[in-house]
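First the structure, in the form of structure tokens, and then the observations on it.
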Amino acid sequence: MKSTLSTDLRSGALVYHRQPRPGKLEIQATKPLGNQRDLALAYSPGVAAACEAIVDDPSEAAELTSRQNLVAVITNGTAVLGLGDIGPLASKPVMEGKAVLFKKFAGIDCFDIEVEQKNIEKFVEVVAALEPTFGGINLEDIKGPECFEIEEQLKARMQIPVFHDDQHGTAIIVSAAVLNGLDLAGKKIADVKIVVSGAGAAALACTNLLVELGAQRQNIWLTDIDGVVYKGRNTLMDRWKEVYAQETDARTLSDVIGGADVFLGLSAAGVLKPEMAKQMATKPLILALANPNPEITPEDALAVRPDAMICTGRSDYPNQVNNVLCFPYIFRGALDVQATTINEAMKLAAVRAIASLAREATSDIAARAYGGEASTFGANSLIPNPFDPRLIMRIAPAVAEAAMVTGVARKPLVDVEAYREQLSRFVFRSGFLMKPLFQKAKADPKRVIYAEGEDERVLRAAQVALEEGLAVPILIGRPSVIETRIQRFGLSLKPGVDFEVVNPEDDPRYRDYVQTYLDIAGRRGITPEAARSLVRTNNTVIAALAVARGEADAMISGLEGRFMSRLRHIKDIIGMAPGVCDLAAMTLIITNKGAFFMSDTHVKHDPTAEEIADMTVLAASHVQRFGIDPKIALLSHSDFGAADTPSSLKMRKALKLIRERAPHLECDGEMEADTALVPLIRERVLPSSTLKEMANVLIFPNLDAANISYQFAKVMADALPVGPILIGTAKPAHILTGSVTARGVVNMTAVAVVEAQESAAEAASR
């Protein structure tokens with residue numbers, strides 16, 4: 001089956017997979033290997049000590065190797081992503097993608113393994129033989145009914161978790177949605193009629209788990225491409241379907257849909273007709289999970305059944321049933337207690353954890369991260385958002401505890417609360433730090449003007465911003481060049497339809513912009529001749545004027561040219577926020593050690609103590625937009641008065657000013673970098689320090705220290721940079737650097753939109 005991807009999405013996906021190096025995975029060493037001693041420890045002869053320890057006690061493998069955090073994503077490519085039987089080689093990009101999700105969401109390392117084997121027994125032999133290598137097995141994209149037999153045999157043979165996510169991941173999320181939907185409808189699971197369209201692996205796993213939760217087999221009506229599964233049917237039957245065969249004369253979906261409380265669709269688009277939905281019971285729950293198009297669209301369902309609660313598999317509707325809601329966290333919990341299997345109790349624990357989280361009031365951190373709005377449990381919020389940072393902290397401990405209670409945990413947790421805290425820290429080490437800002441930006445997209453509108457990175461970022469609903473793009477550039485490049489890059493953007501173009505060579509607002517520039521900067525050395533020239537030739541000036549005039553809400557520039565020249569124009573035209581003495585730049589780097597905000601990385605060469613204090617307070621407010629509590633360290637070569645150099649004295653004075661202006665901030669200094677990042681060192685140096693845990697906001701004494709540290713960390717830690725984030729401007733304006741990627745432009749678009757939202761809210765409140 002050929003996919004129906006748009007031309008631009010297909011083109012973008014191929015570029016994504018090809019560059020800067022093929023594929024989505026790599027292996028990195030976790031130990032240093034820089035000298036002969038390291039080599040002797042890592043390999044011969046020292047490695048013999050680890051081998052002998054495992055010979056004496058096999059459980060030591062969990063402590064001496066990566067096995068206990070290593071999962072195999074295994075397939076034979078017979079049922080891939082709706083593409084069908086495309087074979088193991090063609091399925092490899094999907095398996096790599098699954099491995100990436102494991103790593104990003106739960107910190108689990110993965111190998112993807114594609115097996116050229118359709119014979120059940122031979123496939124089982126291949127997988128079972130891998131047990132010494134892995135802590136768990138994730139079966140993926142294997143067609144039914146073979147997948148049932150494969151999983152059953154492997155679970156019987158292996159003493160590590162074996163989990164077919166296509167079955168059980170879907171079943172867990174569906175079950176959580178059903179529990180919450182029935183609760184809202186005032187119904188009991190033992191009493192409801194459930195009609196299922198589709199009888200593949202996922203559908204049968206869903207019905208099995210619903211039975212575990214209390215649904216009655218006689219109330220479940222299974223249908224597939226041959227119609228109702230009934231007793232005596234001899235086409236497309238197997239022993240797993242036979243369990244749900246009904247004694248009935250009904251033969252079609254329309255024959256059994258009447259009075260149904262729950263419709264579960266895992267089949268094909270358009271299967272559930274509006275007239276069928278109309279026949280369902282009061283307050284029906286409709287799970288239309290076919291992708292990309294559901295069995296019935298929410299619009300069509302609500303048109304005939306306004307009392308319906310609806311889930312789909314799509315991210316553009318509420319209640320998205322997405323397996324990433326659970327599979328990384330189920331494995332996280334199972335691996336962390338060295339479970340020998342993932343049993344029914346562990347699956348049910350995951351169901352209840354997901355259902356319970358949807359009912360919880362949003363935590364302070366989650367509410368702040370998602371725009372300050374608390375999601376309310378209801379018809380449009382039956383299950384959590386896939387990017388809710390609390391998922392790992394709820395599901396993994398619940399699964400681990402269930403494993404302990406049922407006796408399959410080889411290494412029970414000593415302190416569950418400490419384990420939850422450990423998982424909480426992981427959330428802010430992952431690369432999903434930007435997701436809350438994306439969610440908030442989507443809630444109220446703002447107009448963002450891009451100075452370098454002809455640049456490929458901006459064009460690709462504008463495409464993403466439109467597809468994801470992040471912003472309303474305005475591009476500065478020559479229309480003919482923009483259109484030519486859109487075609488060259490295979491994008492689907494339409495100038496004048498999807499975005500506005502400001503043509504510096506011929507725009508009807510030219511005279512107005514010149515006059516605005518003179519009004520703002522005429523007394524700062526800008527002559528009429530200079531204004532006319534700059535408004536024709538300098539895209540940063542045009543973008544800044546658009547923001548100053550209220551024709552755009554935020555601007556992004558700097559992909560070409562020098563930072564400081566753009567900064568001067570922004571200071572002249574947009575100016576500084578009230579009370580701000582000067583601008584500064586903060587850069588976020590996301591590393592495998594955590595997320596760190598560094599300031600000032602680009603603007604002030606040698607800031608005064610007063611400027612550092614202003615910068616710190618402003619930086620803290622930006623950090624809070626990410627849903628993070630700022631923990632601020634004022635850095636120096638000196639620890640808490642150990643030296644009285646001009647630099648250390650300056651940072652000491654800045655701390656005093658910060659405590660006077662913002663006593664609520666968790667801030668301390670002056671201190672060395674390792675003192676800021678290693679709490680144990682800080683505890684030895686100054687036990688009474690007001691800064692607790694690892695610092696996440698690092699304030700440097702001068703530009704050299706900040707920029708060198710940022711560039712060094714970015715390269716050596718292979719960190720994801722976000723920024724620079726220009727702080728202190730009267731309206732949102734950001735200057736990027738020439739090394740920024742298209743994804744970096746997208747990230748800064750979200751930052752700019754959220755900043756513009758808050759600026760608009762502040763202006764409205766005044």
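If you're wondering about the labels, chains in the structure tokens are A, B, ... by order shown, residues count from 1 in each chain, ligands from 1 in order shown.
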Could you build a table of the residues in range 209-308 of chain A lying no more than 12 Å from range 340-354 of chain A, giving for each the nearest pair of atoms and their separation in Å rounded to one decimal place, using only C-alpha atoms, ordered by chain and ascending residue number, as CSV?
residue,atom,partner,partner_atom,distance
A:Leu209,CA,A:Leu348,CA,7.9
A:Leu210,CA,A:Leu348,CA,9.7
A:Val211,CA,A:Leu348,CA,11.2
A:Glu212,CA,A:Leu348,CA,8.2
A:Leu213,CA,A:Leu348,CA,7.8
A:Gly214,CA,A:Leu348,CA,11.5
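Proximity to Ile727 in chain A at 7 Å, evaluated using only C-alpha atoms and with sequence-adjacent residues fewer than 3 positions away removed, yields A:Leu583, A:Ala584, A:Ala585, A:Leu618.
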Since we have the selection now, will you write its residues out, keeping C-alpha atoms, as a PDB file, in the first residue's frame?
ATOM      1  CA  LEU A 583      19.477  44.279  26.503  1.00  0.00           C
ATOM      2  CA  ALA A 584      21.029  40.865  27.015  1.00  0.00           C
ATOM      3  CA  ALA A 585      20.958  37.487  25.295  1.00  0.00           C
ATOM      4  CA  LEU A 618      14.602  39.112  33.209  1.00  0.00           C
TER       5      LEU A 618
END
Excluding range 297-306 of chain A and residues on its chain fewer than 3 positions from it, collect all residues at most 7 Å away from it, counting only C-alpha atoms, and give them as number ranges by chain.
A: 274, 277-278, 294, 310
Write out as a PyMOL selection string all residues of range 28-217 of chain A that DSSP puts in helix (DSSP H, G or I) for this structure's backbone.
chain A and resi 36-42+47-56+58-64+67-69+88-106+120-128+146-157+165-185+201-212+217
Which residues are near range 154-168 of chain A? Cut-off 9 Å, only C-alpha atoms, ignore same chain within fewer than 4 positions. Put them as a VMD selection string.
chain A and resid 124 to 125 127 to 128 131 134 to 142 147 to 150 172 to 173 200 to 206 209 323 327 331 334 to 335 338 to 343 347
For the residues in that selection, give me N, CA and C atoms as a compact mmCIF listing (two decimals), in the first residue's frame.
# COMPACT_ATOMS: atom_id res chain seq x y z
N VAL A 124 10.67 -16.97 16.25
CA VAL A 124 10.77 -17.11 17.71
C VAL A 124 12.17 -17.55 18.11
N GLU A 125 12.76 -18.46 17.36
CA GLU A 125 14.11 -18.93 17.67
C GLU A 125 15.12 -17.77 17.60
N VAL A 127 14.56 -14.52 18.00
CA VAL A 127 14.37 -13.55 19.08
C VAL A 127 14.76 -14.13 20.43
N ALA A 128 14.35 -15.35 20.69
CA ALA A 128 14.65 -15.97 21.98
C ALA A 128 16.15 -16.07 22.22
N GLU A 131 18.16 -13.16 24.22
CA GLU A 131 17.89 -12.81 25.62
C GLU A 131 19.11 -12.33 26.39
N PHE A 134 19.54 -8.27 25.89
CA PHE A 134 18.56 -7.23 26.15
C PHE A 134 17.83 -7.39 27.49
N GLY A 135 17.39 -6.23 27.99
CA GLY A 135 16.55 -6.23 29.19
C GLY A 135 15.09 -6.36 28.86
N GLY A 136 14.70 -6.14 27.60
CA GLY A 136 13.31 -6.25 27.19
C GLY A 136 13.19 -6.32 25.69
N ILE A 137 12.04 -6.86 25.23
CA ILE A 137 11.78 -7.02 23.79
C ILE A 137 10.48 -6.30 23.45
N ASN A 138 10.55 -5.37 22.50
CA ASN A 138 9.36 -4.69 21.98
C ASN A 138 9.10 -5.22 20.58
N LEU A 139 8.08 -6.05 20.44
CA LEU A 139 7.69 -6.55 19.12
C LEU A 139 6.89 -5.47 18.42
N GLU A 140 7.11 -5.33 17.12
CA GLU A 140 6.50 -4.21 16.40
C GLU A 140 6.14 -4.62 14.98
N ASP A 141 4.95 -4.18 14.55
CA ASP A 141 4.54 -4.28 13.14
C ASP A 141 4.65 -5.71 12.60
N ILE A 142 4.11 -6.66 13.36
CA ILE A 142 4.02 -8.06 12.94
C ILE A 142 2.54 -8.37 12.75
N CYS A 147 1.22 -12.64 15.16
CA CYS A 147 1.79 -11.88 16.28
C CYS A 147 1.37 -12.45 17.63
N PHE A 148 0.15 -12.99 17.70
CA PHE A 148 -0.32 -13.56 18.97
C PHE A 148 0.52 -14.78 19.33
N GLU A 149 0.73 -15.64 18.35
CA GLU A 149 1.48 -16.87 18.60
C GLU A 149 2.93 -16.55 18.93
N ILE A 150 3.51 -15.61 18.22
CA ILE A 150 4.91 -15.23 18.46
C ILE A 150 5.08 -14.71 19.88
N ILE A 172 -4.05 -0.40 26.22
CA ILE A 172 -3.93 0.31 27.50
C ILE A 172 -4.53 1.70 27.41
N ILE A 173 -4.23 2.42 26.35
CA ILE A 173 -4.76 3.79 26.21
C ILE A 173 -6.26 3.76 25.96
N GLY A 200 -8.13 -7.21 14.24
CA GLY A 200 -6.70 -7.49 14.18
C GLY A 200 -6.09 -7.52 15.56
N ALA A 201 -4.77 -7.43 15.60
CA ALA A 201 -4.04 -7.56 16.86
C ALA A 201 -4.47 -6.52 17.88
N ALA A 202 -4.54 -5.25 17.46
CA ALA A 202 -4.88 -4.18 18.40
C ALA A 202 -6.30 -4.33 18.91
N ALA A 203 -7.24 -4.62 18.01
CA ALA A 203 -8.65 -4.73 18.41
C ALA A 203 -8.85 -5.86 19.41
N LEU A 204 -8.24 -7.00 19.17
CA LEU A 204 -8.41 -8.13 20.08
C LEU A 204 -7.73 -7.86 21.43
N ALA A 205 -6.57 -7.21 21.39
CA ALA A 205 -5.91 -6.86 22.66
C ALA A 205 -6.78 -5.89 23.45
N CYS A 206 -7.42 -4.95 22.77
CA CYS A 206 -8.31 -4.00 23.45
C CYS A 206 -9.47 -4.73 24.12
N LEU A 209 -8.34 -6.69 27.19
CA LEU A 209 -8.05 -5.88 28.36
C LEU A 209 -9.32 -5.30 28.96
N ASN A 323 0.17 5.64 21.10
CA ASN A 323 0.86 4.66 21.93
C ASN A 323 2.03 5.23 22.72
N PHE A 327 3.96 3.19 26.07
CA PHE A 327 4.98 2.15 25.95
C PHE A 327 6.34 2.53 26.53
N PHE A 331 7.89 0.17 29.82
CA PHE A 331 9.21 -0.45 29.81
C PHE A 331 10.12 0.17 30.87
N ALA A 334 9.22 -1.47 34.11
CA ALA A 334 9.58 -2.89 34.10
C ALA A 334 11.09 -3.08 34.20
N LEU A 335 11.85 -2.28 33.45
CA LEU A 335 13.30 -2.41 33.47
C LEU A 335 13.89 -2.03 34.82
N GLN A 338 13.79 -4.75 37.11
CA GLN A 338 14.28 -5.98 36.49
C GLN A 338 13.17 -7.03 36.41
N ALA A 339 12.02 -6.63 35.88
CA ALA A 339 10.87 -7.54 35.76
C ALA A 339 11.17 -8.66 34.78
N THR A 340 10.63 -9.82 35.06
CA THR A 340 10.81 -10.97 34.17
C THR A 340 9.77 -10.99 33.06
N THR A 341 8.72 -10.19 33.19
CA THR A 341 7.66 -10.16 32.19
C THR A 341 6.87 -8.87 32.38
N ILE A 342 6.00 -8.56 31.43
CA ILE A 342 4.98 -7.53 31.61
C ILE A 342 3.65 -8.26 31.65
N ASN A 343 3.09 -8.38 32.86
CA ASN A 343 1.89 -9.18 33.03
C ASN A 343 0.63 -8.32 33.02
N LYS A 347 -0.13 -4.09 33.11
CA LYS A 347 -0.90 -3.37 32.09
C LYS A 347 -2.07 -2.63 32.73
For Lys653 in chain A, list every protein, DNA or RNA residue within 10 Å, evaluated using only C-alpha atoms, and leave out those in the same chain fewer than 3 positions away; present the list as a ChimeraX atom specification.
/A:608-610,612-613,648-650,656-658,669-670
12 Å contact set for Ile589 in chain A, only C-alpha atoms, chain neighbours under 3 positions out, as an MDAnalysis selection string
chainID A and resid 428:431 433:434 586 592:599 601 696:698 709:725 744
Smallest atom-to-atom distance to Arg524 in chain A: which of A:Leu70, A:Ala402, A:Ile113, A:Ile573, using only C-alpha atoms?
A:Ile573
A:Val603, A:Leu41, A:Met393, A:Leu691: which is nearest Thr675 in chain A, counting only C-alpha atoms?
A:Leu691
Near range 90-96 of chain A, counting only C-alpha atoms, which residues have an atom at most 12 Å away, once you skip same-chain residues fewer than 6 positions from it, shown as a VMD selection string?
chain A and resid 13 to 14 16 to 18 22 to 26 71 to 84 102 to 103 109 to 116 138 to 142
Per residue of range 533-637 of chain A within 10 Å of range 489-508 of chain A, record the nearest atom pair and its distance in Å to one decimal, counting only C-alpha atoms, with rows in chain order and ascending residue number, as JSON lines.
{"residue": "A:Leu534", "atom": "CA", "partner": "A:Pro504", "partner_atom": "CA", "distance": 9.8}
{"residue": "A:Val535", "atom": "CA", "partner": "A:Pro504", "partner_atom": "CA", "distance": 7.3}
{"residue": "A:Arg536", "atom": "CA", "partner": "A:Pro504", "partner_atom": "CA", "distance": 5.3}
{"residue": "A:Thr537", "atom": "CA", "partner": "A:Pro504", "partner_atom": "CA", "distance": 6.8}
{"residue": "A:Asn538", "atom": "CA", "partner": "A:Pro504", "partner_atom": "CA", "distance": 8.3}
{"residue": "A:Asn539", "atom": "CA", "partner": "A:Pro504", "partner_atom": "CA", "distance": 7.5}
{"residue": "A:Ile542", "atom": "CA", "partner": "A:Pro504", "partner_atom": "CA", "distance": 7.9}
{"residue": "A:Ala543", "atom": "CA", "partner": "A:Val502", "partner_atom": "CA", "distance": 9.2}
{"residue": "A:Ala546", "atom": "CA", "partner": "A:Val502", "partner_atom": "CA", "distance": 9.8}
May I have the residues from that selection written out with N, CA, C and O atoms, as a short mmCIF file (atom, residue, chain, number, x, y, z; two decimals), in the first residue's frame?
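And here's out_22.cif as it stands now:
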data_model
loop_
_atom_site.label_atom_id
_atom_site.label_comp_id
_atom_site.auth_asym_id
_atom_site.auth_seq_id
_atom_site.Cartn_x
_atom_site.Cartn_y
_atom_site.Cartn_z
N LEU A 534 17.94 52.46 4.18
CA LEU A 534 17.84 51.30 5.06
C LEU A 534 16.50 50.57 4.90
O LEU A 534 16.44 49.34 4.95
N VAL A 535 15.43 51.32 4.69
CA VAL A 535 14.12 50.68 4.54
C VAL A 535 14.04 49.93 3.20
O VAL A 535 13.23 49.02 3.06
N ARG A 536 14.87 50.27 2.25
CA ARG A 536 14.93 49.53 0.99
C ARG A 536 15.87 48.32 1.08
O ARG A 536 15.65 47.31 0.40
N THR A 537 16.92 48.42 1.90
CA THR A 537 18.01 47.44 1.82
C THR A 537 18.24 46.60 3.06
O THR A 537 18.91 45.57 2.99
N ASN A 538 17.70 47.00 4.19
CA ASN A 538 18.02 46.29 5.44
C ASN A 538 16.76 45.61 5.98
O ASN A 538 15.85 46.25 6.49
N ASN A 539 16.75 44.29 5.85
CA ASN A 539 15.55 43.54 6.24
C ASN A 539 15.30 43.56 7.74
O ASN A 539 14.16 43.44 8.20
N ILE A 542 13.33 46.65 8.38
CA ILE A 542 11.94 46.48 7.94
C ILE A 542 11.16 45.66 8.97
O ILE A 542 10.03 46.01 9.35
N ALA A 543 11.76 44.56 9.42
CA ALA A 543 11.08 43.70 10.40
C ALA A 543 10.83 44.45 11.70
O ALA A 543 9.74 44.37 12.28
N ALA A 546 7.99 46.86 11.29
CA ALA A 546 6.70 46.17 11.25
C ALA A 546 6.21 45.86 12.67
O ALA A 546 5.02 46.02 12.99
#
Test item, strand (DSSP E or B) assignment across range 456-593 of chain A, answer as a PDB file with N, CA, C and O atoms, in the first residue's frame:
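Below you can see states_8.pdb, which holds the result:
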ATOM      1  N   ALA A 471       2.253  29.823  14.361  1.00  0.00           N
ATOM      2  CA  ALA A 471       2.378  31.252  14.103  1.00  0.00           C
ATOM      3  C   ALA A 471       1.758  31.596  12.757  1.00  0.00           C
ATOM      4  O   ALA A 471       1.482  30.718  11.933  1.00  0.00           O
ATOM      5  N   VAL A 472       1.581  32.894  12.551  1.00  0.00           N
ATOM      6  CA  VAL A 472       1.161  33.430  11.249  1.00  0.00           C
ATOM      7  C   VAL A 472       2.403  34.070  10.639  1.00  0.00           C
ATOM      8  O   VAL A 472       2.818  35.153  11.067  1.00  0.00           O
ATOM      9  N   PRO A 473       3.045  33.421   9.653  1.00  0.00           N
ATOM     10  CA  PRO A 473       4.330  33.921   9.156  1.00  0.00           C
ATOM     11  C   PRO A 473       4.176  35.133   8.231  1.00  0.00           C
ATOM     12  O   PRO A 473       3.230  35.234   7.451  1.00  0.00           O
ATOM     13  N   ILE A 474       5.142  36.041   8.338  1.00  0.00           N
ATOM     14  CA  ILE A 474       5.313  37.141   7.397  1.00  0.00           C
ATOM     15  C   ILE A 474       6.766  37.073   6.946  1.00  0.00           C
ATOM     16  O   ILE A 474       7.681  37.089   7.780  1.00  0.00           O
ATOM     17  N   LEU A 475       7.005  36.984   5.643  1.00  0.00           N
ATOM     18  CA  LEU A 475       8.356  36.807   5.136  1.00  0.00           C
ATOM     19  C   LEU A 475       8.801  38.047   4.367  1.00  0.00           C
ATOM     20  O   LEU A 475       8.066  38.558   3.509  1.00  0.00           O
ATOM     21  N   ILE A 476       9.987  38.536   4.682  1.00  0.00           N
ATOM     22  CA  ILE A 476      10.577  39.641   3.943  1.00  0.00           C
ATOM     23  C   ILE A 476      11.476  39.060   2.863  1.00  0.00           C
ATOM     24  O   ILE A 476      12.386  38.276   3.153  1.00  0.00           O
ATOM     25  N   PRO A 495       2.474  31.868  -1.283  1.00  0.00           N
ATOM     26  CA  PRO A 495       2.574  33.287  -0.922  1.00  0.00           C
ATOM     27  C   PRO A 495       1.247  34.002  -1.119  1.00  0.00           C
ATOM     28  O   PRO A 495       0.530  33.751  -2.094  1.00  0.00           O
ATOM     29  N   PHE A 499       0.970  32.927   3.762  1.00  0.00           N
ATOM     30  CA  PHE A 499       1.782  33.918   4.460  1.00  0.00           C
ATOM     31  C   PHE A 499       1.853  35.199   3.641  1.00  0.00           C
ATOM     32  O   PHE A 499       1.666  35.195   2.415  1.00  0.00           O
ATOM     33  N   GLU A 500       2.108  36.298   4.332  1.00  0.00           N
ATOM     34  CA  GLU A 500       2.271  37.596   3.691  1.00  0.00           C
ATOM     35  C   GLU A 500       3.734  37.777   3.295  1.00  0.00           C
ATOM     36  O   GLU A 500       4.639  37.328   4.001  1.00  0.00           O
ATOM     37  N   VAL A 501       3.961  38.428   2.159  1.00  0.00           N
ATOM     38  CA  VAL A 501       5.311  38.750   1.718  1.00  0.00           C
ATOM     39  C   VAL A 501       5.499  40.260   1.765  1.00  0.00           C
ATOM     40  O   VAL A 501       4.656  41.018   1.274  1.00  0.00           O
ATOM     41  N   VAL A 502       6.595  40.687   2.377  1.00  0.00           N
ATOM     42  CA  VAL A 502       6.991  42.095   2.339  1.00  0.00           C
ATOM     43  C   VAL A 502       8.151  42.194   1.358  1.00  0.00           C
ATOM     44  O   VAL A 502       9.238  41.666   1.613  1.00  0.00           O
ATOM     45  N   ALA A 554       6.019  39.839  16.538  1.00  0.00           N
ATOM     46  CA  ALA A 554       7.377  39.454  16.932  1.00  0.00           C
ATOM     47  C   ALA A 554       8.224  39.362  15.677  1.00  0.00           C
ATOM     48  O   ALA A 554       7.695  39.179  14.568  1.00  0.00           O
ATOM     49  N   MET A 555       9.533  39.461  15.843  1.00  0.00           N
ATOM     50  CA  MET A 555      10.429  39.352  14.689  1.00  0.00           C
ATOM     51  C   MET A 555      11.575  38.393  14.973  1.00  0.00           C
ATOM     52  O   MET A 555      11.999  38.214  16.118  1.00  0.00           O
ATOM     53  N   ILE A 556      12.061  37.780  13.883  1.00  0.00           N
ATOM     54  CA  ILE A 556      13.229  36.907  13.960  1.00  0.00           C
ATOM     55  C   ILE A 556      14.162  37.294  12.820  1.00  0.00           C
ATOM     56  O   ILE A 556      13.747  37.376  11.660  1.00  0.00           O
ATOM     57  N   SER A 557      15.439  37.532  13.166  1.00  0.00           N
ATOM     58  CA  SER A 557      16.433  37.879  12.149  1.00  0.00           C
ATOM     59  C   SER A 557      17.753  37.232  12.532  1.00  0.00           C
ATOM     60  O   SER A 557      17.828  36.478  13.501  1.00  0.00           O
ATOM     61  N   MET A 576      13.766  49.317  24.462  1.00  0.00           N
ATOM     62  CA  MET A 576      13.806  48.445  25.633  1.00  0.00           C
ATOM     63  C   MET A 576      12.527  48.548  26.441  1.00  0.00           C
ATOM     64  O   MET A 576      11.835  49.571  26.404  1.00  0.00           O
ATOM     65  N   ALA A 584      20.118  41.994  26.798  1.00  0.00           N
ATOM     66  CA  ALA A 584      21.029  40.865  27.015  1.00  0.00           C
ATOM     67  C   ALA A 584      20.523  39.700  26.182  1.00  0.00           C
ATOM     68  O   ALA A 584      19.400  39.715  25.662  1.00  0.00           O
ATOM     69  N   ALA A 585      21.356  38.679  26.045  1.00  0.00           N
ATOM     70  CA  ALA A 585      20.958  37.487  25.295  1.00  0.00           C
ATOM     71  C   ALA A 585      21.167  36.253  26.157  1.00  0.00           C
ATOM     72  O   ALA A 585      22.227  36.078  26.760  1.00  0.00           O
ATOM     73  N   MET A 586      20.139  35.428  26.207  1.00  0.00           N
ATOM     74  CA  MET A 586      20.208  34.173  26.954  1.00  0.00           C
ATOM     75  C   MET A 586      20.087  33.031  25.950  1.00  0.00           C
ATOM     76  O   MET A 586      19.265  33.079  25.037  1.00  0.00           O
ATOM     77  N   THR A 587      20.904  32.009  26.108  1.00  0.00           N
ATOM     78  CA  THR A 587      20.856  30.852  25.220  1.00  0.00           C
ATOM     79  C   THR A 587      20.573  29.598  26.037  1.00  0.00           C
ATOM     80  O   THR A 587      21.185  29.373  27.083  1.00  0.00           O
ATOM     81  N   LEU A 588      19.633  28.810  25.540  1.00  0.00           N
ATOM     82  CA  LEU A 588      19.310  27.526  26.159  1.00  0.00           C
ATOM     83  C   LEU A 588      20.084  26.430  25.450  1.00  0.00           C
ATOM     84  O   LEU A 588      20.110  26.379  24.213  1.00  0.00           O
ATOM     85  N   ILE A 589      20.734  25.566  26.215  1.00  0.00           N
ATOM     86  CA  ILE A 589      21.310  24.356  25.629  1.00  0.00           C
ATOM     87  C   ILE A 589      20.719  23.149  26.351  1.00  0.00           C
ATOM     88  O   ILE A 589      20.645  23.117  27.573  1.00  0.00           O
ATOM     89  N   ILE A 590      20.264  22.189  25.554  1.00  0.00           N
ATOM     90  CA  ILE A 590      19.666  20.968  26.092  1.00  0.00           C
ATOM     91  C   ILE A 590      20.663  19.844  25.899  1.00  0.00           C
ATOM     92  O   ILE A 590      20.994  19.475  24.772  1.00  0.00           O
ATOM     93  N   THR A 591      21.176  19.318  26.999  1.00  0.00           N
ATOM     94  CA  THR A 591      22.192  18.271  26.972  1.00  0.00           C
ATOM     95  C   THR A 591      21.644  17.016  27.638  1.00  0.00           C
ATOM     96  O   THR A 591      20.560  17.022  28.220  1.00  0.00           O
TER      97      THR A 591
END
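The smallest atom-to-atom distance between Arg661 in chain A and any of A:Val617, A:Ala695, A:Tyr419, A:Arg625, using only C-alpha atoms, is found for A:Val617.
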